[in-house]
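What follows is the content of query-v2.txt, which has compact mmCIF, C-alpha atoms:
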```txt
# COMPACT_ATOMS: atom_id res chain seq x y z
CA MET A 1 2.60 -27.08 -29.34
CA PRO A 2 -0.14 -29.15 -27.69
CA VAL A 3 -1.22 -27.92 -24.28
CA ASP A 4 -0.78 -30.44 -21.53
CA GLN A 5 -3.99 -30.32 -19.49
CA THR A 6 -2.20 -31.28 -16.26
CA ASP A 7 0.39 -28.52 -16.66
CA ASP A 8 -2.39 -26.11 -17.51
CA ASP A 9 -4.35 -26.98 -14.36
CA GLN A 10 -1.20 -26.68 -12.28
CA LEU A 11 -0.50 -23.25 -13.77
CA ASP A 12 -4.09 -22.21 -13.05
CA ARG A 13 -3.73 -23.26 -9.43
CA ALA A 14 -0.39 -21.47 -9.10
CA PHE A 15 -1.85 -18.27 -10.58
CA THR A 16 -4.88 -18.47 -8.31
CA ALA A 17 -2.68 -19.16 -5.30
CA LEU A 18 -0.48 -16.16 -6.06
CA GLY A 19 -3.50 -13.94 -6.69
CA ASP A 20 -3.81 -13.32 -2.95
CA PRO A 21 -1.63 -10.77 -1.11
CA VAL A 22 -1.38 -12.88 2.08
CA ARG A 23 -0.19 -15.90 0.10
CA ARG A 24 2.32 -13.79 -1.86
CA ALA A 25 3.71 -12.48 1.41
CA MET A 26 3.98 -16.08 2.66
CA ILE A 27 5.91 -17.06 -0.47
CA ALA A 28 8.15 -14.02 0.03
CA ARG A 29 8.79 -15.15 3.61
CA LEU A 30 9.55 -18.72 2.51
CA SER A 31 12.00 -17.46 -0.10
CA ARG A 32 14.21 -16.62 2.89
CA GLY A 33 13.99 -20.11 4.41
CA ALA A 34 11.64 -22.72 5.89
CA ALA A 35 9.01 -21.56 8.41
CA THR A 36 6.42 -23.12 10.70
CA VAL A 37 2.72 -22.31 10.45
CA ASN A 38 3.01 -20.09 13.52
CA GLU A 39 5.93 -18.19 12.01
CA LEU A 40 4.02 -17.72 8.76
CA ALA A 41 0.92 -16.57 10.65
CA GLU A 42 2.74 -13.99 12.73
CA PRO A 43 2.62 -10.91 10.45
CA PHE A 44 -1.10 -11.28 9.67
CA PRO A 45 -4.10 -10.20 11.73
CA ILE A 46 -6.03 -13.31 10.69
CA THR A 47 -6.98 -16.54 12.46
CA LYS A 48 -4.66 -19.53 12.52
CA GLN A 49 -7.43 -21.41 10.74
CA ALA A 50 -7.33 -18.91 7.86
CA VAL A 51 -3.55 -19.21 7.71
CA SER A 52 -3.86 -23.00 7.50
CA ARG A 53 -6.26 -22.62 4.59
CA HIS A 54 -3.80 -20.35 2.75
CA ILE A 55 -1.06 -22.93 3.32
CA GLN A 56 -3.29 -25.68 1.92
CA VAL A 57 -3.90 -23.60 -1.22
CA LEU A 58 -0.16 -23.04 -1.68
CA GLU A 59 0.49 -26.74 -1.11
CA ALA A 60 -2.20 -27.80 -3.61
CA ALA A 61 -0.71 -25.40 -6.14
CA GLY A 62 2.62 -27.19 -5.77
CA LEU A 63 4.34 -24.03 -4.56
CA ILE A 64 5.28 -25.31 -1.12
CA THR A 65 5.90 -28.63 0.61
CA ARG A 66 5.55 -29.60 4.28
CA SER A 67 7.85 -32.13 5.84
CA ARG A 68 6.08 -35.12 7.32
CA ASP A 69 8.42 -35.66 10.24
CA GLY A 70 8.43 -33.89 13.57
CA GLN A 71 5.90 -31.73 15.38
CA ARG A 72 6.99 -28.48 13.74
CA ARG A 73 6.22 -29.61 10.17
CA PRO A 74 7.92 -26.57 8.63
CA CYS A 75 6.82 -25.31 5.20
CA ARG A 76 9.37 -24.96 2.41
CA LEU A 77 9.28 -23.56 -1.07
CA ASP A 78 9.05 -26.35 -3.60
CA PRO A 79 12.05 -26.45 -5.97
CA ALA A 80 9.60 -25.88 -8.82
CA ALA A 81 8.32 -22.84 -6.98
CA LEU A 82 11.80 -21.38 -7.03
CA GLU A 83 11.30 -21.20 -10.75
CA ALA A 84 7.97 -19.47 -10.16
CA LEU A 85 9.82 -17.07 -7.89
CA THR A 86 12.32 -16.37 -10.64
CA SER A 87 9.46 -15.52 -12.96
CA TRP A 88 8.04 -13.45 -10.11
CA ILE A 89 11.14 -11.21 -10.30
CA ASP A 90 10.79 -11.55 -14.04
CA THR A 91 7.24 -10.21 -13.91
CA TYR A 92 8.46 -7.28 -11.84
CA ARG A 93 11.10 -6.79 -14.49
CA LEU A 94 8.43 -6.88 -17.23
CA ALA A 95 6.34 -4.28 -15.39
CA THR A 96 9.43 -2.06 -15.10
CA GLU A 97 10.28 -2.75 -18.74
CA ALA A 98 6.76 -1.75 -19.87
CA GLN A 99 7.22 1.55 -18.06
CA TYR A 100 10.63 2.16 -19.64
CA ARG A 101 9.27 1.40 -23.11
CA ARG A 102 6.82 4.24 -22.57
CA LEU A 103 9.80 6.37 -21.55
CA ASP A 104 11.53 5.33 -24.83
CA ASP A 105 8.47 6.63 -26.72
CA VAL A 106 8.48 9.90 -24.75
CA LEU A 107 12.19 10.38 -25.49
CA ASP A 108 11.59 9.68 -29.21
CA THR A 109 8.75 12.21 -29.32
CA VAL A 110 10.83 14.90 -27.64
CA LYS A 111 13.78 14.20 -29.96
CA GLU A 112 11.38 14.58 -32.95
CA GLN A 113 10.13 17.92 -31.62
CA GLN A 114 13.68 19.23 -31.15
CA ARG A 115 14.57 18.52 -34.77
CA MET B 116 15.31 -3.11 -27.72
CA ASN B 117 17.24 -2.19 -24.58
CA PRO B 118 16.83 -4.83 -21.86
CA THR B 119 16.08 -3.95 -18.24
CA THR B 120 18.34 -5.71 -15.75
CA ILE B 121 17.05 -6.12 -12.21
CA THR B 122 19.17 -7.59 -9.45
CA ALA B 123 17.49 -8.40 -6.12
CA PRO B 124 19.89 -10.65 -4.21
CA PRO B 125 18.25 -12.78 -1.48
CA GLY B 126 18.63 -11.60 2.10
CA VAL B 127 19.57 -7.97 1.45
CA PRO B 128 17.19 -4.96 1.58
CA TYR B 129 18.09 -3.41 -1.75
CA LEU B 130 17.63 -3.91 -5.45
CA ASP B 131 19.33 -2.57 -8.54
CA VAL B 132 17.85 -1.69 -11.91
CA VAL B 133 19.96 -0.89 -14.98
CA ARG B 134 18.54 0.25 -18.31
CA GLU B 135 19.97 2.08 -21.33
CA PHE B 136 18.13 4.65 -23.41
CA ASP B 137 18.72 5.87 -26.98
CA ALA B 138 18.85 9.50 -25.87
CA PRO B 139 21.44 11.74 -24.20
CA PRO B 140 21.49 12.09 -20.38
CA GLU B 141 20.05 15.65 -20.53
CA LEU B 142 16.92 14.30 -22.15
CA VAL B 143 16.50 11.23 -19.94
CA PHE B 144 17.05 13.46 -16.90
CA ARG B 145 14.42 15.90 -18.21
CA ALA B 146 11.95 13.02 -18.66
CA HIS B 147 12.43 12.33 -14.92
CA THR B 148 12.06 15.92 -13.73
CA ASP B 149 9.54 17.61 -16.07
CA ARG B 150 6.03 17.03 -14.70
CA GLU B 151 4.37 16.88 -18.11
CA LEU B 152 6.87 14.28 -19.39
CA VAL B 153 6.82 12.23 -16.18
CA ALA B 154 3.04 11.88 -16.37
CA ARG B 155 3.41 10.27 -19.79
CA TRP B 156 5.45 7.24 -18.73
CA LEU B 157 5.59 6.75 -14.97
CA GLY B 158 3.34 4.14 -13.34
CA PRO B 159 1.64 0.84 -14.09
CA ARG B 160 0.18 0.09 -17.48
CA GLY B 161 -3.48 1.01 -17.87
CA MET B 162 -3.38 3.65 -15.13
CA GLN B 163 -3.46 7.42 -15.45
CA THR B 164 -0.71 9.28 -13.64
CA GLU B 165 -1.31 12.72 -12.21
CA VAL B 166 1.79 14.60 -11.11
CA VAL B 167 0.44 16.71 -8.25
CA GLU B 168 3.79 18.22 -7.33
CA LEU B 169 7.29 17.93 -8.74
CA ASP B 170 10.06 20.23 -7.62
CA ALA B 171 13.20 18.43 -8.75
CA ARG B 172 15.79 20.42 -6.83
CA SER B 173 17.83 19.46 -3.76
CA GLY B 174 15.35 19.94 -0.89
CA GLY B 175 12.30 19.84 -3.18
CA GLY B 176 9.61 17.17 -3.26
CA TYR B 177 7.19 15.23 -5.40
CA ARG B 178 3.74 13.77 -5.14
CA TYR B 179 1.85 11.75 -7.70
CA VAL B 180 -1.31 9.68 -8.02
CA HIS B 181 -1.96 6.63 -10.21
CA ARG B 182 -5.63 6.14 -11.01
CA GLY B 183 -7.20 3.03 -12.51
CA ARG B 184 -10.11 0.64 -12.15
CA GLU B 185 -8.60 -0.62 -8.87
CA GLY B 186 -8.66 2.83 -7.34
CA GLU B 187 -6.10 5.47 -6.44
CA PHE B 188 -2.50 4.90 -5.45
CA ARG B 189 -0.59 7.85 -3.99
CA PHE B 190 3.16 8.24 -3.77
CA ARG B 191 5.38 10.96 -2.39
CA GLY B 192 8.96 11.74 -1.53
CA VAL B 193 11.62 14.42 -1.21
CA PHE B 194 14.68 15.13 -3.29
CA HIS B 195 17.82 14.88 -1.18
CA THR B 196 20.27 15.70 -3.97
CA VAL B 197 19.59 16.67 -7.56
CA THR B 198 22.56 17.24 -9.87
CA PRO B 199 21.20 18.13 -13.33
CA ASP B 200 21.78 15.48 -16.02
CA LYS B 201 23.76 13.28 -13.62
CA LEU B 202 22.21 12.30 -10.31
CA ILE B 203 18.95 12.15 -8.33
CA VAL B 204 18.86 10.96 -4.71
CA GLN B 205 15.29 10.84 -3.43
CA THR B 206 13.02 9.17 -0.92
CA PHE B 207 10.01 7.13 -2.03
CA GLU B 208 6.88 6.24 -0.09
CA TYR B 209 3.63 4.56 -1.11
CA GLU B 210 0.99 6.20 1.06
CA GLY B 211 -0.80 2.85 1.35
CA ARG B 212 2.19 1.65 3.37
CA PRO B 213 2.97 4.72 5.46
CA GLU B 214 6.39 5.03 7.09
CA GLN B 215 7.93 2.45 4.75
CA VAL B 216 10.32 4.82 3.04
CA SER B 217 12.91 3.70 0.54
CA LEU B 218 15.92 5.67 -0.63
CA GLU B 219 16.62 5.77 -4.35
CA THR B 220 19.80 6.81 -6.11
CA ALA B 221 19.48 7.31 -9.87
CA ARG B 222 22.63 7.85 -11.94
CA PHE B 223 22.47 9.10 -15.52
CA GLU B 224 25.64 8.08 -17.30
CA ASP B 225 26.68 9.17 -20.79
CA VAL B 226 27.67 6.20 -22.97
CA ASP B 227 28.57 7.57 -26.42
CA GLY B 228 25.61 9.94 -26.53
CA ARG B 229 23.24 7.34 -25.09
CA THR B 230 22.29 7.04 -21.42
CA ARG B 231 22.81 4.27 -18.94
CA LEU B 232 20.37 4.72 -16.07
CA SER B 233 21.34 2.91 -12.85
CA LEU B 234 18.85 2.79 -9.99
CA HIS B 235 19.79 1.62 -6.52
CA ARG B 236 16.82 1.30 -4.14
CA VAL B 237 17.37 0.67 -0.44
CA PHE B 238 14.41 -0.47 1.70
CA GLY B 239 13.86 -0.52 5.45
CA SER B 240 14.08 -4.32 5.56
CA VAL B 241 14.26 -7.39 3.32
CA GLU B 242 10.52 -7.84 4.00
CA GLU B 243 9.72 -4.34 2.71
CA ARG B 244 11.72 -4.95 -0.44
CA ASP B 245 10.06 -8.31 -1.12
CA GLN B 246 6.62 -6.83 -0.48
CA MET B 247 7.34 -4.06 -2.99
CA VAL B 248 8.44 -6.61 -5.59
CA ALA B 249 5.30 -8.65 -4.82
CA ASP B 250 3.19 -5.51 -5.42
CA GLY B 251 5.01 -5.10 -8.73
CA MET B 252 4.20 -8.69 -9.54
CA GLU B 253 0.53 -8.00 -8.92
CA ASN B 254 0.62 -5.25 -11.55
CA GLY B 255 2.72 -7.41 -13.84
CA VAL B 256 0.33 -10.35 -13.63
CA ARG B 257 -2.60 -8.05 -14.27
CA ASP B 258 -0.80 -6.50 -17.25
CA SER B 259 -0.06 -9.95 -18.66
CA MET B 260 -3.63 -11.08 -18.15
CA GLU B 261 -4.96 -7.96 -19.87
CA ARG B 262 -2.62 -8.45 -22.80
CA LEU B 263 -3.66 -12.10 -23.01
CA ALA B 264 -7.30 -11.04 -22.93
CA GLU B 265 -6.69 -8.53 -25.74
CA LEU B 266 -4.94 -11.21 -27.75
CA LEU B 267 -7.82 -13.64 -27.30
CA THR B 268 -10.42 -10.98 -28.13
CA HIS B 269 -8.71 -10.09 -31.38
CA ARG B 270 -8.05 -13.74 -32.18
CA VAL B 271 -4.53 -12.95 -33.28
CA PRO B 272 -3.13 -16.07 -34.91
CA ALA B 273 -0.32 -17.60 -32.91
CA GLY B 274 3.20 -17.27 -34.33
CA ASN B 275 4.91 -20.38 -35.59
```

Translate the structure described by the file into structure tokens.
Amino acid sequence: MPVDQTDDDQLDRAFTALGDPVRRAMIARLSRGAATVNELAEPFPITKQAVSRHIQVLEAAGLITRSRDGQRRPCRLDPAALEALTSWIDTYRLATEAQYRRLDDVLDTVKEQQR
Amino acid sequence: MNPTTITAPPGVPYLDVVREFDAPPELVFRAHTDRELVARWLGPRGMQTEVVELDARSGGGYRYVHRGREGEFRFRGVFHTVTPDKLIVQTFEYEGRPEQVSLETARFEDVDGRTRLSLHRVFGSVEERDQMVADGMENGVRDSMERLAELLTHRVPAGN
């Protein structure tokens, strides 16, 4: 299957965006509903300027959108990002699965030894 | 291959994990309570697990350390109820996030000589749960990247 360069770049940006713990926490917050910049900034001991930069990265990665109307300009998860969020749970599932596959091997080894 | 089912409904501070194993409950239970066996599977891929303490009895406790290139990650908890081959109720705390303690109930159910393991994990808040899943994602992404890197290094031909 040919790799679409645009998709690839988008994926790169999404991966980079999610590679930061502050931005992951922001995505986690937005998974529970829209939030203003101030609301997103609240849990972090960083400047509002730094928070704005994080939001710009998430926006450029196509993970969030900001409404154009009104003073509050709340941030929302992009519908496409909901898919990313699904795969986020999926990645957690894969990490858990990897661990349980090791447990499968341990159980097999012990069963062998008991024979 | 036995699939792992994880349910983390939005807006609630818990998650559920269900997984079946091709071994009887006594054995799966032992793999959760024997320090030598636990060290062989518990923890993120690519990290060494040291079981510092494991006293799997009601009122006992555990303490373990994962070590990898990223550093050390310490976990501890106490066993509230341990019923051999059937049930473990324990607390869980990552020392990097002190005072965020989750409560885990693990049931080992016999299904025709195999085991269905059901884990119910309750967190202090929805935020704590989501943060924990996000931490898991971090490991997962790193695991995937490492596997991808291995694949590219070995130039394994892509499947059709």

Hey, list the chain A side of the contact with chain B: 10 Å cut-off, all atoms listed in the file, answer as an MDAnalysis selection string.
chainID A and resid 1 15 18:21 24:25 27:29 31:33 87:108 110:111

Would you mind exporting C-alpha atoms of the selected residues as a CSV table (one decimal), in the coordinates of the input?
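Output saved as result29.csv:
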```csv
chain,number,residue,atom,x,y,z
A,1,MET,CA,2.6,-27.1,-29.3
A,15,PHE,CA,-1.8,-18.3,-10.6
A,18,LEU,CA,-0.5,-16.2,-6.1
A,19,GLY,CA,-3.5,-13.9,-6.7
A,20,ASP,CA,-3.8,-13.3,-3.0
A,21,PRO,CA,-1.6,-10.8,-1.1
A,24,ARG,CA,2.3,-13.8,-1.9
A,25,ALA,CA,3.7,-12.5,1.4
A,27,ILE,CA,5.9,-17.1,-0.5
A,28,ALA,CA,8.2,-14.0,0.0
A,29,ARG,CA,8.8,-15.2,3.6
A,31,SER,CA,12.0,-17.5,-0.1
A,32,ARG,CA,14.2,-16.6,2.9
A,33,GLY,CA,14.0,-20.1,4.4
A,87,SER,CA,9.5,-15.5,-13.0
A,88,TRP,CA,8.0,-13.4,-10.1
A,89,ILE,CA,11.1,-11.2,-10.3
A,90,ASP,CA,10.8,-11.6,-14.0
A,91,THR,CA,7.2,-10.2,-13.9
A,92,TYR,CA,8.5,-7.3,-11.8
A,93,ARG,CA,11.1,-6.8,-14.5
A,94,LEU,CA,8.4,-6.9,-17.2
A,95,ALA,CA,6.3,-4.3,-15.4
A,96,THR,CA,9.4,-2.1,-15.1
A,97,GLU,CA,10.3,-2.8,-18.7
A,98,ALA,CA,6.8,-1.8,-19.9
A,99,GLN,CA,7.2,1.6,-18.1
A,100,TYR,CA,10.6,2.2,-19.6
A,101,ARG,CA,9.3,1.4,-23.1
A,102,ARG,CA,6.8,4.2,-22.6
A,103,LEU,CA,9.8,6.4,-21.6
A,104,ASP,CA,11.5,5.3,-24.8
A,105,ASP,CA,8.5,6.6,-26.7
A,106,VAL,CA,8.5,9.9,-24.8
A,107,LEU,CA,12.2,10.4,-25.5
A,108,ASP,CA,11.6,9.7,-29.2
A,110,VAL,CA,10.8,14.9,-27.6
A,111,LYS,CA,13.8,14.2,-30.0
```

Residues within 6 Å of B:Tyr177, please, as a list in words. Count all atoms listed in the file; anything in the same chain fewer than 6 positions from it doesn't count.
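Those residues are Glu168, Leu169, Arg191 and Gly192 of chain B.
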
Given the choices B:Arg222, B:Arg172, B:Arg178, B:Arg212, which gets closest to B:Pro140 if the distance is worked out from all atoms listed in the file?
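For B:Pro140, the nearest of the given residues is B:Arg222.
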
I'd like the interatomic distance between atom CA of B:Pro124 and atom CA of B:Glu243, to a tenth of an Å.
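Computed distance, atom CA of B:Pro124 to atom CA of B:Glu243, equals 13.8 Å.
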
Best match for closeness to B:Glu187 among B:Leu202, B:Ala221, B:Ala171, B:Met162, counting all atoms listed in the file:
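Once distances to B:Glu187 are computed over all atoms listed in the file, the minimum belongs to B:Met162.
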
So what do you get for atom CA of B:Thr206 versus atom CA of B:Phe194, distance-wise?
6.6 Å

Have a look at atom CA of A:Arg68 and atom CA of A:Ala34 and let me know their distance in Å, one decimal.
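Atom CA of A:Ala34 lies at a distance of 13.7 Å from atom CA of A:Arg68.
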
Just want the 8 Å neighbourhood of A:Ala17, counted on all atoms listed in the file, with same-chain residues fewer than 5 positions away dropped. Output as a PyMOL selection string.
chain A and resi 23+57-58+61

Output stretch 176-187 of chain B as a compact mmCIF listing (two decimals), in the frame of the given file, making sure N, CA, C and O atoms are there.
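File produced: result.txt:
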```
# COMPACT_ATOMS: atom_id res chain seq x y z
N GLY B 176 10.38 18.39 -3.50
CA GLY B 176 9.61 17.17 -3.26
C GLY B 176 8.75 16.81 -4.45
O GLY B 176 8.68 17.56 -5.43
N TYR B 177 8.11 15.64 -4.34
CA TYR B 177 7.19 15.23 -5.40
C TYR B 177 6.01 14.49 -4.80
O TYR B 177 6.08 13.99 -3.65
N ARG B 178 4.95 14.44 -5.59
CA ARG B 178 3.74 13.77 -5.14
C ARG B 178 2.98 13.39 -6.40
O ARG B 178 2.78 14.22 -7.27
N TYR B 179 2.65 12.11 -6.54
CA TYR B 179 1.85 11.75 -7.70
C TYR B 179 0.83 10.67 -7.37
O TYR B 179 0.93 9.98 -6.36
N VAL B 180 -0.19 10.60 -8.23
CA VAL B 180 -1.31 9.68 -8.02
C VAL B 180 -1.50 8.84 -9.28
O VAL B 180 -1.56 9.39 -10.39
N HIS B 181 -1.58 7.51 -9.11
CA HIS B 181 -1.96 6.63 -10.21
C HIS B 181 -3.43 6.30 -10.03
O HIS B 181 -3.84 5.90 -8.94
N ARG B 182 -4.21 6.46 -11.10
CA ARG B 182 -5.63 6.14 -11.01
C ARG B 182 -5.99 5.08 -12.05
O ARG B 182 -5.60 5.19 -13.21
N GLY B 183 -6.74 4.07 -11.59
CA GLY B 183 -7.20 3.03 -12.51
C GLY B 183 -8.46 2.40 -11.97
O GLY B 183 -9.03 2.91 -11.00
N ARG B 184 -8.88 1.32 -12.58
CA ARG B 184 -10.11 0.64 -12.15
C ARG B 184 -10.02 0.20 -10.69
O ARG B 184 -11.01 0.12 -9.99
N GLU B 185 -8.79 -0.10 -10.23
CA GLU B 185 -8.60 -0.62 -8.87
C GLU B 185 -8.64 0.48 -7.84
O GLU B 185 -8.63 0.20 -6.64
N GLY B 186 -8.62 1.73 -8.29
CA GLY B 186 -8.66 2.83 -7.34
C GLY B 186 -7.47 3.76 -7.50
O GLY B 186 -6.86 3.82 -8.56
N GLU B 187 -7.17 4.48 -6.43
CA GLU B 187 -6.10 5.47 -6.44
C GLU B 187 -4.90 4.99 -5.64
O GLU B 187 -5.05 4.42 -4.57
```
